[in-house]
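**Q** Hey, dropping run_26.cif in here, mmCIF, N, CA and C atoms:
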data_input
loop_
_atom_site.label_atom_id
_atom_site.label_comp_id
_atom_site.auth_asym_id
_atom_site.auth_seq_id
_atom_site.Cartn_x
_atom_site.Cartn_y
_atom_site.Cartn_z
N MET A 1 36.63 37.95 1.35
CA MET A 1 36.21 36.65 1.84
C MET A 1 36.77 35.58 0.92
N SER A 2 37.13 34.44 1.51
CA SER A 2 37.71 33.37 0.72
C SER A 2 36.66 32.70 -0.15
N HIS A 3 37.12 32.12 -1.24
CA HIS A 3 36.26 31.43 -2.18
C HIS A 3 35.75 30.13 -1.57
N LYS A 4 34.44 29.93 -1.63
CA LYS A 4 33.85 28.68 -1.14
C LYS A 4 33.55 27.79 -2.34
N PRO A 5 33.93 26.52 -2.25
CA PRO A 5 33.62 25.61 -3.35
C PRO A 5 32.11 25.40 -3.47
N ILE A 6 31.68 25.05 -4.66
CA ILE A 6 30.29 24.72 -4.89
C ILE A 6 30.19 23.20 -4.91
N PHE A 7 29.49 22.65 -3.91
CA PHE A 7 29.29 21.20 -3.85
C PHE A 7 28.03 20.88 -4.62
N THR A 8 28.16 20.06 -5.66
CA THR A 8 27.03 19.77 -6.54
C THR A 8 26.12 18.68 -6.00
N SER A 9 26.52 18.05 -4.92
CA SER A 9 25.67 17.04 -4.27
C SER A 9 25.98 17.03 -2.79
N ALA A 10 25.04 16.52 -2.02
CA ALA A 10 25.29 16.37 -0.58
C ALA A 10 26.42 15.37 -0.35
N ALA A 11 26.50 14.34 -1.18
CA ALA A 11 27.57 13.35 -1.05
C ALA A 11 28.94 14.01 -1.25
N GLU A 12 29.03 14.93 -2.18
CA GLU A 12 30.29 15.65 -2.42
C GLU A 12 30.65 16.51 -1.21
N ALA A 13 29.66 17.19 -0.64
CA ALA A 13 29.90 17.99 0.56
C ALA A 13 30.34 17.10 1.72
N GLU A 14 29.71 15.94 1.85
CA GLU A 14 30.08 15.03 2.94
C GLU A 14 31.50 14.50 2.77
N ALA A 15 31.89 14.18 1.57
CA ALA A 15 33.26 13.73 1.32
C ALA A 15 34.26 14.82 1.70
N ALA A 16 33.95 16.07 1.37
CA ALA A 16 34.83 17.19 1.72
C ALA A 16 34.89 17.39 3.24
N PHE A 17 33.77 17.18 3.92
CA PHE A 17 33.70 17.31 5.38
C PHE A 17 34.65 16.30 6.04
N TYR A 18 34.54 15.05 5.67
CA TYR A 18 35.39 14.02 6.30
C TYR A 18 36.84 14.14 5.87
N ASP A 19 37.08 14.59 4.64
CA ASP A 19 38.45 14.82 4.18
C ASP A 19 39.11 15.94 5.01
N ALA A 20 38.36 16.99 5.27
CA ALA A 20 38.89 18.10 6.08
C ALA A 20 39.19 17.65 7.51
N ILE A 21 38.36 16.77 8.06
CA ILE A 21 38.63 16.24 9.39
C ILE A 21 39.93 15.45 9.38
N THR A 22 40.09 14.59 8.39
CA THR A 22 41.30 13.78 8.30
C THR A 22 42.55 14.65 8.16
N LYS A 23 42.42 15.78 7.47
CA LYS A 23 43.56 16.68 7.28
C LYS A 23 43.69 17.72 8.39
N SER A 24 42.77 17.70 9.37
CA SER A 24 42.73 18.73 10.43
C SER A 24 42.74 20.12 9.82
N ASP A 25 41.99 20.30 8.74
CA ASP A 25 41.96 21.56 8.00
C ASP A 25 40.69 22.33 8.35
N LEU A 26 40.81 23.23 9.32
CA LEU A 26 39.65 23.98 9.81
C LEU A 26 39.02 24.82 8.71
N ASP A 27 39.81 25.50 7.91
CA ASP A 27 39.24 26.35 6.85
C ASP A 27 38.46 25.51 5.85
N ALA A 28 39.02 24.38 5.43
CA ALA A 28 38.31 23.50 4.49
C ALA A 28 37.04 22.96 5.12
N LEU A 29 37.12 22.60 6.39
CA LEU A 29 35.94 22.09 7.09
C LEU A 29 34.83 23.13 7.11
N MET A 30 35.18 24.36 7.40
CA MET A 30 34.16 25.40 7.51
C MET A 30 33.56 25.78 6.17
N THR A 31 34.24 25.49 5.04
CA THR A 31 33.63 25.77 3.73
C THR A 31 32.45 24.84 3.46
N VAL A 32 32.41 23.71 4.17
CA VAL A 32 31.31 22.77 3.97
C VAL A 32 30.05 23.26 4.69
N TRP A 33 30.23 23.97 5.79
CA TRP A 33 29.09 24.42 6.59
C TRP A 33 28.33 25.56 5.89
N SER A 34 27.04 25.57 6.08
CA SER A 34 26.20 26.67 5.63
C SER A 34 26.61 27.93 6.37
N GLU A 35 26.36 29.07 5.79
CA GLU A 35 26.65 30.33 6.48
C GLU A 35 25.47 30.77 7.33
N ASP A 36 24.47 29.95 7.44
CA ASP A 36 23.30 30.22 8.29
C ASP A 36 23.73 30.18 9.75
N GLU A 37 23.35 31.14 10.52
CA GLU A 37 23.74 31.19 11.94
C GLU A 37 23.03 30.13 12.78
N GLU A 38 22.10 29.42 12.23
CA GLU A 38 21.39 28.39 12.99
C GLU A 38 21.99 27.00 12.79
N VAL A 39 23.23 26.90 12.29
CA VAL A 39 23.86 25.59 12.15
C VAL A 39 24.04 24.97 13.54
N ILE A 40 24.03 23.64 13.56
CA ILE A 40 24.11 22.91 14.83
C ILE A 40 25.16 21.82 14.72
N CYS A 41 25.94 21.68 15.80
CA CYS A 41 26.93 20.61 15.87
C CYS A 41 26.87 20.01 17.27
N VAL A 42 26.80 18.69 17.33
CA VAL A 42 26.85 17.98 18.61
C VAL A 42 27.94 16.93 18.50
N HIS A 43 29.02 17.14 19.25
CA HIS A 43 30.09 16.15 19.34
C HIS A 43 29.71 15.13 20.41
N PRO A 44 30.23 13.91 20.33
CA PRO A 44 29.87 12.89 21.32
C PRO A 44 30.06 13.38 22.76
N ASP A 45 29.05 13.15 23.57
CA ASP A 45 29.08 13.49 25.00
C ASP A 45 29.34 14.97 25.26
N ASN A 46 28.91 15.83 24.36
CA ASN A 46 29.08 17.27 24.52
C ASN A 46 27.75 17.97 24.30
N PRO A 47 27.65 19.21 24.76
CA PRO A 47 26.40 19.96 24.57
C PRO A 47 26.20 20.37 23.11
N ARG A 48 24.99 20.74 22.80
CA ARG A 48 24.66 21.24 21.47
C ARG A 48 25.29 22.60 21.26
N LEU A 49 25.92 22.78 20.11
CA LEU A 49 26.51 24.06 19.74
C LEU A 49 25.67 24.65 18.62
N VAL A 50 25.31 25.92 18.75
CA VAL A 50 24.50 26.59 17.74
C VAL A 50 25.25 27.82 17.26
N GLY A 51 25.35 27.96 15.94
CA GLY A 51 25.99 29.12 15.34
C GLY A 51 27.39 28.81 14.83
N LEU A 52 27.77 29.52 13.79
CA LEU A 52 29.07 29.28 13.15
C LEU A 52 30.25 29.49 14.07
N ALA A 53 30.20 30.52 14.91
CA ALA A 53 31.35 30.79 15.80
C ALA A 53 31.56 29.64 16.76
N ALA A 54 30.50 29.14 17.35
CA ALA A 54 30.61 28.03 18.30
C ALA A 54 31.07 26.75 17.60
N VAL A 55 30.53 26.49 16.41
CA VAL A 55 30.91 25.29 15.66
C VAL A 55 32.39 25.38 15.28
N ARG A 56 32.80 26.52 14.75
CA ARG A 56 34.20 26.70 14.34
C ARG A 56 35.13 26.51 15.54
N GLU A 57 34.81 27.11 16.67
CA GLU A 57 35.67 27.02 17.84
C GLU A 57 35.79 25.58 18.33
N SER A 58 34.71 24.82 18.26
CA SER A 58 34.77 23.42 18.71
C SER A 58 35.73 22.60 17.86
N TRP A 59 35.67 22.80 16.55
CA TRP A 59 36.57 22.08 15.65
C TRP A 59 38.00 22.60 15.79
N ARG A 60 38.18 23.91 16.01
CA ARG A 60 39.52 24.45 16.22
C ARG A 60 40.16 23.78 17.44
N GLN A 61 39.40 23.65 18.50
CA GLN A 61 39.92 23.00 19.71
C GLN A 61 40.28 21.54 19.44
N LEU A 62 39.41 20.85 18.70
CA LEU A 62 39.67 19.45 18.38
C LEU A 62 40.96 19.32 17.57
N PHE A 63 41.13 20.17 16.57
CA PHE A 63 42.31 20.09 15.72
C PHE A 63 43.57 20.58 16.42
N SER A 64 43.44 21.45 17.41
CA SER A 64 44.62 22.01 18.08
C SER A 64 45.34 21.00 18.96
N GLY A 65 44.71 19.86 19.21
CA GLY A 65 45.33 18.84 20.03
C GLY A 65 46.45 18.08 19.33
N ASN A 66 46.71 18.41 18.07
CA ASN A 66 47.74 17.74 17.28
C ASN A 66 47.57 16.23 17.21
N VAL A 67 46.33 15.77 17.37
CA VAL A 67 46.02 14.35 17.21
C VAL A 67 45.41 14.19 15.83
N LYS A 68 46.04 13.40 15.00
CA LYS A 68 45.53 13.18 13.64
C LYS A 68 44.56 12.01 13.67
N ILE A 69 43.36 12.26 13.15
CA ILE A 69 42.38 11.19 13.06
C ILE A 69 41.97 11.01 11.62
N SER A 70 41.55 9.81 11.30
CA SER A 70 40.94 9.58 10.00
C SER A 70 39.58 8.95 10.25
N VAL A 71 38.65 9.31 9.42
CA VAL A 71 37.29 8.83 9.58
C VAL A 71 36.86 8.16 8.28
N ARG A 72 36.40 6.94 8.42
CA ARG A 72 35.80 6.21 7.30
C ARG A 72 34.34 6.01 7.68
N THR A 73 33.45 6.23 6.73
CA THR A 73 32.03 6.04 7.02
C THR A 73 31.50 4.80 6.30
N SER A 74 30.46 4.25 6.88
CA SER A 74 29.79 3.10 6.26
C SER A 74 28.32 3.14 6.62
N HIS A 75 27.57 2.24 6.05
CA HIS A 75 26.16 2.04 6.36
C HIS A 75 25.35 3.33 6.24
N CYS A 76 25.59 4.07 5.18
CA CYS A 76 24.88 5.34 4.98
C CYS A 76 23.42 5.09 4.63
N VAL A 77 22.56 5.73 5.39
CA VAL A 77 21.13 5.73 5.09
C VAL A 77 20.77 7.17 4.75
N VAL A 78 20.15 7.36 3.59
CA VAL A 78 19.86 8.71 3.11
C VAL A 78 18.35 8.88 2.97
N THR A 79 17.87 10.01 3.44
CA THR A 79 16.51 10.43 3.11
C THR A 79 16.66 11.80 2.47
N ALA A 80 15.93 12.01 1.38
CA ALA A 80 16.22 13.22 0.60
C ALA A 80 15.00 13.74 -0.13
N ASN A 81 15.07 15.03 -0.43
CA ASN A 81 14.20 15.66 -1.40
C ASN A 81 15.09 16.62 -2.17
N PRO A 82 14.58 17.36 -3.14
CA PRO A 82 15.48 18.20 -3.94
C PRO A 82 16.25 19.28 -3.18
N GLN A 83 15.78 19.67 -2.00
CA GLN A 83 16.41 20.75 -1.25
C GLN A 83 17.13 20.32 0.02
N LEU A 84 16.89 19.09 0.49
CA LEU A 84 17.40 18.65 1.78
C LEU A 84 17.79 17.19 1.72
N GLU A 85 18.94 16.86 2.33
CA GLU A 85 19.34 15.46 2.47
C GLU A 85 19.80 15.23 3.89
N VAL A 86 19.37 14.10 4.43
CA VAL A 86 19.80 13.67 5.75
C VAL A 86 20.57 12.37 5.56
N HIS A 87 21.80 12.36 6.03
CA HIS A 87 22.64 11.16 5.95
C HIS A 87 22.88 10.66 7.36
N ASN A 88 22.60 9.40 7.59
CA ASN A 88 22.95 8.78 8.86
C ASN A 88 24.01 7.74 8.54
N VAL A 89 25.17 7.88 9.18
CA VAL A 89 26.32 7.03 8.88
C VAL A 89 26.91 6.44 10.16
N VAL A 90 27.66 5.37 9.98
CA VAL A 90 28.49 4.86 11.05
C VAL A 90 29.90 5.37 10.76
N GLU A 91 30.49 6.05 11.72
CA GLU A 91 31.85 6.57 11.58
C GLU A 91 32.84 5.61 12.24
N HIS A 92 33.86 5.24 11.49
CA HIS A 92 34.93 4.40 12.00
C HIS A 92 36.16 5.31 12.10
N ILE A 93 36.62 5.54 13.32
CA ILE A 93 37.65 6.54 13.57
C ILE A 93 38.95 5.86 13.97
N ALA A 94 40.01 6.25 13.30
CA ALA A 94 41.36 5.76 13.63
C ALA A 94 42.18 6.95 14.08
N VAL A 95 42.91 6.78 15.17
CA VAL A 95 43.80 7.81 15.68
C VAL A 95 45.22 7.43 15.31
N GLU A 96 45.93 8.37 14.67
CA GLU A 96 47.29 8.13 14.23
C GLU A 96 48.15 7.68 15.42
N GLY A 97 48.90 6.60 15.23
CA GLY A 97 49.79 6.10 16.27
C GLY A 97 49.15 5.09 17.22
N GLU A 98 47.84 4.92 17.12
CA GLU A 98 47.17 3.93 17.95
C GLU A 98 46.83 2.71 17.11
N LYS A 99 47.10 1.55 17.67
CA LYS A 99 46.86 0.31 16.92
C LYS A 99 45.39 -0.09 16.90
N ARG A 100 44.67 0.22 17.95
CA ARG A 100 43.26 -0.20 18.00
C ARG A 100 42.34 0.90 17.46
N LEU A 101 41.29 0.46 16.83
CA LEU A 101 40.28 1.40 16.34
C LEU A 101 39.45 1.91 17.51
N GLN A 102 38.96 3.11 17.37
CA GLN A 102 38.04 3.68 18.35
C GLN A 102 36.68 2.99 18.17
N PRO A 103 35.87 2.96 19.22
CA PRO A 103 34.52 2.42 19.03
C PRO A 103 33.79 3.23 17.97
N PRO A 104 32.91 2.60 17.20
CA PRO A 104 32.21 3.34 16.15
C PRO A 104 31.28 4.42 16.73
N MET A 105 31.08 5.43 15.93
CA MET A 105 30.14 6.51 16.24
C MET A 105 29.01 6.44 15.23
N ILE A 106 27.86 6.92 15.63
CA ILE A 106 26.74 7.08 14.70
C ILE A 106 26.56 8.58 14.52
N ALA A 107 26.55 9.01 13.27
CA ALA A 107 26.44 10.45 12.99
C ALA A 107 25.28 10.71 12.03
N THR A 108 24.63 11.83 12.27
CA THR A 108 23.61 12.31 11.36
C THR A 108 24.09 13.65 10.82
N ASN A 109 24.16 13.75 9.51
CA ASN A 109 24.58 14.97 8.82
C ASN A 109 23.41 15.45 7.97
N VAL A 110 23.07 16.72 8.13
CA VAL A 110 21.94 17.29 7.39
C VAL A 110 22.48 18.37 6.45
N TYR A 111 22.11 18.25 5.18
CA TYR A 111 22.57 19.17 4.14
C TYR A 111 21.38 19.86 3.50
N ILE A 112 21.57 21.15 3.16
CA ILE A 112 20.55 21.87 2.39
C ILE A 112 21.18 22.36 1.09
N ARG A 113 20.33 22.47 0.07
CA ARG A 113 20.80 22.98 -1.23
C ARG A 113 20.41 24.43 -1.35
N GLY A 114 21.39 25.25 -1.66
CA GLY A 114 21.15 26.68 -1.84
C GLY A 114 21.77 27.15 -3.13
N PRO A 115 21.84 28.46 -3.31
CA PRO A 115 22.38 29.01 -4.56
C PRO A 115 23.84 28.66 -4.80
N LEU A 116 24.59 28.34 -3.74
CA LEU A 116 26.00 27.97 -3.88
C LEU A 116 26.22 26.48 -3.63
N GLY A 117 25.22 25.67 -3.96
CA GLY A 117 25.35 24.23 -3.83
C GLY A 117 24.91 23.72 -2.47
N TRP A 118 25.35 22.53 -2.14
CA TRP A 118 24.95 21.84 -0.92
C TRP A 118 25.86 22.25 0.24
N ARG A 119 25.25 22.47 1.41
CA ARG A 119 25.99 22.85 2.61
C ARG A 119 25.46 22.09 3.82
N LEU A 120 26.35 21.84 4.74
CA LEU A 120 26.03 21.16 5.99
C LEU A 120 25.37 22.14 6.95
N VAL A 121 24.25 21.74 7.53
CA VAL A 121 23.59 22.58 8.53
C VAL A 121 23.55 21.92 9.91
N MET A 122 23.77 20.58 9.96
CA MET A 122 23.81 19.92 11.25
C MET A 122 24.67 18.67 11.18
N HIS A 123 25.52 18.51 12.19
CA HIS A 123 26.30 17.29 12.39
C HIS A 123 26.07 16.88 13.84
N HIS A 124 25.59 15.66 14.04
CA HIS A 124 25.33 15.16 15.39
C HIS A 124 25.92 13.76 15.47
N ALA A 125 26.93 13.59 16.31
CA ALA A 125 27.59 12.30 16.47
C ALA A 125 27.47 11.82 17.90
N SER A 126 27.28 10.51 18.05
CA SER A 126 27.23 9.91 19.37
C SER A 126 27.79 8.50 19.29
N ALA A 127 28.16 7.97 20.44
CA ALA A 127 28.72 6.62 20.49
C ALA A 127 27.65 5.62 20.05
N ALA A 128 28.09 4.64 19.28
CA ALA A 128 27.18 3.56 18.87
C ALA A 128 26.90 2.68 20.07
N PRO A 129 25.71 2.15 20.17
CA PRO A 129 25.43 1.24 21.28
C PRO A 129 26.31 0.00 21.18
N ASP A 130 26.59 -0.57 22.31
CA ASP A 130 27.42 -1.77 22.37
C ASP A 130 26.55 -2.97 22.01
N SER A 131 26.28 -3.10 20.72
CA SER A 131 25.36 -4.13 20.26
C SER A 131 25.88 -4.75 18.97
N PRO A 132 25.78 -6.06 18.85
CA PRO A 132 26.23 -6.68 17.59
C PRO A 132 25.36 -6.29 16.41
N HIS A 133 24.18 -5.72 16.66
CA HIS A 133 23.28 -5.33 15.57
C HIS A 133 23.45 -3.88 15.17
N ALA A 134 24.29 -3.11 15.88
CA ALA A 134 24.38 -1.67 15.67
C ALA A 134 24.80 -1.29 14.26
N ALA A 135 25.71 -2.03 13.66
CA ALA A 135 26.23 -1.63 12.35
C ALA A 135 26.16 -2.75 11.32
N ARG A 136 25.20 -3.64 11.46
CA ARG A 136 25.06 -4.73 10.49
C ARG A 136 24.62 -4.18 9.15
N PRO A 137 25.25 -4.65 8.06
CA PRO A 137 24.84 -4.17 6.74
C PRO A 137 23.42 -4.55 6.37
N ASP A 138 22.88 -5.62 6.97
CA ASP A 138 21.52 -6.06 6.65
C ASP A 138 20.48 -5.54 7.64
N ALA A 139 20.91 -4.60 8.52
CA ALA A 139 19.97 -4.06 9.50
C ALA A 139 18.88 -3.27 8.78
N PRO A 140 17.68 -3.23 9.35
CA PRO A 140 16.60 -2.47 8.71
C PRO A 140 16.98 -1.02 8.48
N ARG A 141 16.53 -0.44 7.38
CA ARG A 141 16.84 0.95 7.05
C ARG A 141 15.57 1.77 7.00
N ILE A 142 14.79 1.67 8.03
CA ILE A 142 13.53 2.40 8.09
C ILE A 142 13.81 3.82 8.57
N VAL A 143 13.31 4.78 7.84
CA VAL A 143 13.48 6.18 8.21
C VAL A 143 12.11 6.68 8.68
N HIS A 144 12.06 7.16 9.91
CA HIS A 144 10.79 7.63 10.49
C HIS A 144 10.51 9.04 10.08
#
Before anything else, please render the file you have as structure tokens.

**A**
Amino acid sequence: MSHKPIFTSAAEAEAAFYDAITKSDLDALMTVWSEDEEVICVHPDNPRLVGLAAVRESWRQLFSGNVKISVRTSHCVVTANPQLEVHNVVEHIAVEGEKRLQPPMIATNVYIRGPLGWRLVMHHASAAPDSPHAARPDAPRIVH
């Protein structure tokens, strides 16, 4: 089995996740995910995927389109305890060769801390509402 990096923080795991997306690097992307079979991924306007095989296949299909994307995140809201972190971010996606930016996405990434560091257990992304308040830096950051 290949060596998995040890992410010492959820933020480090998240940076590796988005870096792997930008590089279309499926193997690097999958090192961020927990090896728990109950991992969950929801891509925008798609059904919920449960389990590593389904998650891996969804990203493989996305990367196989030979479309290079880069993702920049902003407006991160974090709720955390020593074993779990939930990050809610606004994703700004650029597609290589396209002049206009894609509409922003809102993503929730959930990380757990285990013996091999922090790992992603859930990624859920959806289109941001068409609202001028959707991504304001001064918007309330209340976590329910």

**Q** Would you kindly translate the PyMOL selection byres (((chain A and resi 73-81 and name CA) around 7) and name CA) into the concrete residues it picks from this file, as a list in words?

**A**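 This file gives the following for the PyMOL selection byres (((chain A and resi 73-81 and name CA) around 7) and name CA): Val71, Arg72, Pro82, Gln83, Leu84, Glu85, Val86, His87, Asn88, Val89, Val90, Glu91, His92, Pro137 and Arg141 of chain A.
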
**Q** Just the residues within 5 Å of His124 of chain A, please, counting only N, CA and C atoms, with nothing from its chain fewer than 3 positions along; format it as a ChimeraX atom specification.

**A** /A:42,107-108

**Q** Can you work out the spacing between atom CA of Ile40 of chain A and atom CA of Lys68 of chain A in Å, to one decimal?

**A**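 One can read the atom CA of Ile40 of chain A to atom CA of Lys68 of chain A distance as 23.6 Å.
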
**Q** Could you write out as a list in words the residues that the PyMOL selection byres (((chain A and resi 95 and name CA) around 10) and name CA) matches in the shown file?

**A**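 Selected by the PyMOL selection byres (((chain A and resi 95 and name CA) around 10) and name CA) in this file: Thr22, Val67, Lys68, Ile69, Ser70, Val71, Ile93, Ala94, Glu96, Gly97, Glu98, Lys99, Arg100, Leu101 and Gln102 of chain A.
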
**Q** For the residues in the current selection, export N, CA and C atoms as a tab-separated table (two decimals), in the coordinates of the input.

**A**
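That gives us part_16.tsv:
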chain	number	residue	atom	x	y	z
A	22	THR	N	40.09	14.59	8.39
A	22	THR	CA	41.30	13.78	8.30
A	22	THR	C	42.55	14.65	8.16
A	67	VAL	N	46.33	15.77	17.37
A	67	VAL	CA	46.02	14.35	17.21
A	67	VAL	C	45.41	14.19	15.83
A	68	LYS	N	46.04	13.40	15.00
A	68	LYS	CA	45.53	13.18	13.64
A	68	LYS	C	44.56	12.01	13.67
A	69	ILE	N	43.36	12.26	13.15
A	69	ILE	CA	42.38	11.19	13.06
A	69	ILE	C	41.97	11.01	11.62
A	70	SER	N	41.55	9.81	11.30
A	70	SER	CA	40.94	9.58	10.00
A	70	SER	C	39.58	8.95	10.25
A	71	VAL	N	38.65	9.31	9.42
A	71	VAL	CA	37.29	8.83	9.58
A	71	VAL	C	36.86	8.16	8.28
A	93	ILE	N	36.62	5.54	13.32
A	93	ILE	CA	37.65	6.54	13.57
A	93	ILE	C	38.95	5.86	13.97
A	94	ALA	N	40.01	6.25	13.30
A	94	ALA	CA	41.36	5.76	13.63
A	94	ALA	C	42.18	6.95	14.08
A	96	GLU	N	45.93	8.37	14.67
A	96	GLU	CA	47.29	8.13	14.23
A	96	GLU	C	48.15	7.68	15.42
A	97	GLY	N	48.90	6.60	15.23
A	97	GLY	CA	49.79	6.10	16.27
A	97	GLY	C	49.15	5.09	17.22
A	98	GLU	N	47.84	4.92	17.12
A	98	GLU	CA	47.17	3.93	17.95
A	98	GLU	C	46.83	2.71	17.11
A	99	LYS	N	47.10	1.55	17.67
A	99	LYS	CA	46.86	0.31	16.92
A	99	LYS	C	45.39	-0.09	16.90
A	100	ARG	N	44.67	0.22	17.95
A	100	ARG	CA	43.26	-0.20	18.00
A	100	ARG	C	42.34	0.90	17.46
A	101	LEU	N	41.29	0.46	16.83
A	101	LEU	CA	40.28	1.40	16.34
A	101	LEU	C	39.45	1.91	17.51
A	102	GLN	N	38.96	3.11	17.37
A	102	GLN	CA	38.04	3.68	18.35
A	102	GLN	C	36.68	2.99	18.17

**Q** Evaluate the PyMOL selection byres ((chain A and resi 31) around 7) against this structure - the residues, as an NGL selection string, please.

**A** :A and (4-5 or 26-30 or 32-34 or 119-120)

**Q** Would you please work out which residue, of A:Ala128, A:Glu57, A:Ala10, A:His43, is nearest to Arg113 of chain A when using all atoms listed in the file?

**A** A:Ala10

**Q** From a DSSP calculation on the backbone, collect every residue of segment 17-55 of chain A in alpha helix (DSSP H) and output the set as a ChimeraX atom specification.

**A** /A:17-22,26-32,52-55

**Q** Suppose we keep N, CA and C atoms; can you now write the selection as a PDB file, in the coordinates of the input?

**A**
ATOM      1  N   PHE A  17      33.770  17.180   3.920  1.00  0.00           N
ATOM      2  CA  PHE A  17      33.700  17.310   5.380  1.00  0.00           C
ATOM      3  C   PHE A  17      34.650  16.300   6.040  1.00  0.00           C
ATOM      4  N   TYR A  18      34.540  15.050   5.670  1.00  0.00           N
ATOM      5  CA  TYR A  18      35.390  14.020   6.300  1.00  0.00           C
ATOM      6  C   TYR A  18      36.840  14.140   5.870  1.00  0.00           C
ATOM      7  N   ASP A  19      37.080  14.590   4.640  1.00  0.00           N
ATOM      8  CA  ASP A  19      38.450  14.820   4.180  1.00  0.00           C
ATOM      9  C   ASP A  19      39.110  15.940   5.010  1.00  0.00           C
ATOM     10  N   ALA A  20      38.360  16.990   5.270  1.00  0.00           N
ATOM     11  CA  ALA A  20      38.890  18.100   6.080  1.00  0.00           C
ATOM     12  C   ALA A  20      39.190  17.650   7.510  1.00  0.00           C
ATOM     13  N   ILE A  21      38.360  16.770   8.060  1.00  0.00           N
ATOM     14  CA  ILE A  21      38.630  16.240   9.390  1.00  0.00           C
ATOM     15  C   ILE A  21      39.930  15.450   9.380  1.00  0.00           C
ATOM     16  N   THR A  22      40.090  14.590   8.390  1.00  0.00           N
ATOM     17  CA  THR A  22      41.300  13.780   8.300  1.00  0.00           C
ATOM     18  C   THR A  22      42.550  14.650   8.160  1.00  0.00           C
ATOM     19  N   LEU A  26      40.810  23.230   9.320  1.00  0.00           N
ATOM     20  CA  LEU A  26      39.650  23.980   9.810  1.00  0.00           C
ATOM     21  C   LEU A  26      39.020  24.820   8.710  1.00  0.00           C
ATOM     22  N   ASP A  27      39.810  25.500   7.910  1.00  0.00           N
ATOM     23  CA  ASP A  27      39.240  26.350   6.850  1.00  0.00           C
ATOM     24  C   ASP A  27      38.460  25.510   5.850  1.00  0.00           C
ATOM     25  N   ALA A  28      39.020  24.380   5.430  1.00  0.00           N
ATOM     26  CA  ALA A  28      38.310  23.500   4.490  1.00  0.00           C
ATOM     27  C   ALA A  28      37.040  22.960   5.120  1.00  0.00           C
ATOM     28  N   LEU A  29      37.120  22.600   6.390  1.00  0.00           N
ATOM     29  CA  LEU A  29      35.940  22.090   7.090  1.00  0.00           C
ATOM     30  C   LEU A  29      34.830  23.130   7.110  1.00  0.00           C
ATOM     31  N   MET A  30      35.180  24.360   7.400  1.00  0.00           N
ATOM     32  CA  MET A  30      34.160  25.400   7.510  1.00  0.00           C
ATOM     33  C   MET A  30      33.560  25.780   6.170  1.00  0.00           C
ATOM     34  N   THR A  31      34.240  25.490   5.040  1.00  0.00           N
ATOM     35  CA  THR A  31      33.630  25.770   3.730  1.00  0.00           C
ATOM     36  C   THR A  31      32.450  24.840   3.460  1.00  0.00           C
ATOM     37  N   VAL A  32      32.410  23.710   4.170  1.00  0.00           N
ATOM     38  CA  VAL A  32      31.310  22.770   3.970  1.00  0.00           C
ATOM     39  C   VAL A  32      30.050  23.260   4.690  1.00  0.00           C
ATOM     40  N   LEU A  52      27.770  29.520  13.790  1.00  0.00           N
ATOM     41  CA  LEU A  52      29.070  29.280  13.150  1.00  0.00           C
ATOM     42  C   LEU A  52      30.250  29.490  14.070  1.00  0.00           C
ATOM     43  N   ALA A  53      30.200  30.520  14.910  1.00  0.00           N
ATOM     44  CA  ALA A  53      31.350  30.790  15.800  1.00  0.00           C
ATOM     45  C   ALA A  53      31.560  29.640  16.760  1.00  0.00           C
ATOM     46  N   ALA A  54      30.500  29.140  17.350  1.00  0.00           N
ATOM     47  CA  ALA A  54      30.610  28.030  18.300  1.00  0.00           C
ATOM     48  C   ALA A  54      31.070  26.750  17.600  1.00  0.00           C
ATOM     49  N   VAL A  55      30.530  26.490  16.410  1.00  0.00           N
ATOM     50  CA  VAL A  55      30.910  25.290  15.660  1.00  0.00           C
ATOM     51  C   VAL A  55      32.390  25.380  15.280  1.00  0.00           C
TER      52      VAL A  55
END

**Q** Can you tell me, as an mmCIF file with N, CA and C atoms, keeping the file's coordinate frame, which residues sit within 10 Å of (23.1, 27.3, 20.4) in the file's frame, using only C-alpha atoms?

**A**
data_model
loop_
_atom_site.group_PDB
_atom_site.id
_atom_site.type_symbol
_atom_site.label_atom_id
_atom_site.label_comp_id
_atom_site.auth_asym_id
_atom_site.auth_seq_id
_atom_site.Cartn_x
_atom_site.Cartn_y
_atom_site.Cartn_z
ATOM 1 N N GLU A 37 23.350 31.140 10.520
ATOM 2 C CA GLU A 37 23.740 31.190 11.940
ATOM 3 C C GLU A 37 23.030 30.130 12.780
ATOM 4 N N GLU A 38 22.100 29.420 12.230
ATOM 5 C CA GLU A 38 21.390 28.390 12.990
ATOM 6 C C GLU A 38 21.990 27.000 12.790
ATOM 7 N N VAL A 39 23.230 26.900 12.290
ATOM 8 C CA VAL A 39 23.860 25.590 12.150
ATOM 9 C C VAL A 39 24.040 24.970 13.540
ATOM 10 N N ILE A 40 24.030 23.640 13.560
ATOM 11 C CA ILE A 40 24.110 22.910 14.830
ATOM 12 C C ILE A 40 25.160 21.820 14.720
ATOM 13 N N CYS A 41 25.940 21.680 15.800
ATOM 14 C CA CYS A 41 26.930 20.610 15.870
ATOM 15 C C CYS A 41 26.870 20.010 17.270
ATOM 16 N N PRO A 47 27.650 19.210 24.760
ATOM 17 C CA PRO A 47 26.400 19.960 24.570
ATOM 18 C C PRO A 47 26.200 20.370 23.110
ATOM 19 N N ARG A 48 24.990 20.740 22.800
ATOM 20 C CA ARG A 48 24.660 21.240 21.470
ATOM 21 C C ARG A 48 25.290 22.600 21.260
ATOM 22 N N LEU A 49 25.920 22.780 20.110
ATOM 23 C CA LEU A 49 26.510 24.060 19.740
ATOM 24 C C LEU A 49 25.670 24.650 18.620
ATOM 25 N N VAL A 50 25.310 25.920 18.750
ATOM 26 C CA VAL A 50 24.500 26.590 17.740
ATOM 27 C C VAL A 50 25.250 27.820 17.260
ATOM 28 N N GLY A 51 25.350 27.960 15.940
ATOM 29 C CA GLY A 51 25.990 29.120 15.340
ATOM 30 C C GLY A 51 27.390 28.810 14.830
ATOM 31 N N LEU A 52 27.770 29.520 13.790
ATOM 32 C CA LEU A 52 29.070 29.280 13.150
ATOM 33 C C LEU A 52 30.250 29.490 14.070
ATOM 34 N N ALA A 54 30.500 29.140 17.350
ATOM 35 C CA ALA A 54 30.610 28.030 18.300
ATOM 36 C C ALA A 54 31.070 26.750 17.600
ATOM 37 N N VAL A 55 30.530 26.490 16.410
ATOM 38 C CA VAL A 55 30.910 25.290 15.660
ATOM 39 C C VAL A 55 32.390 25.380 15.280
#
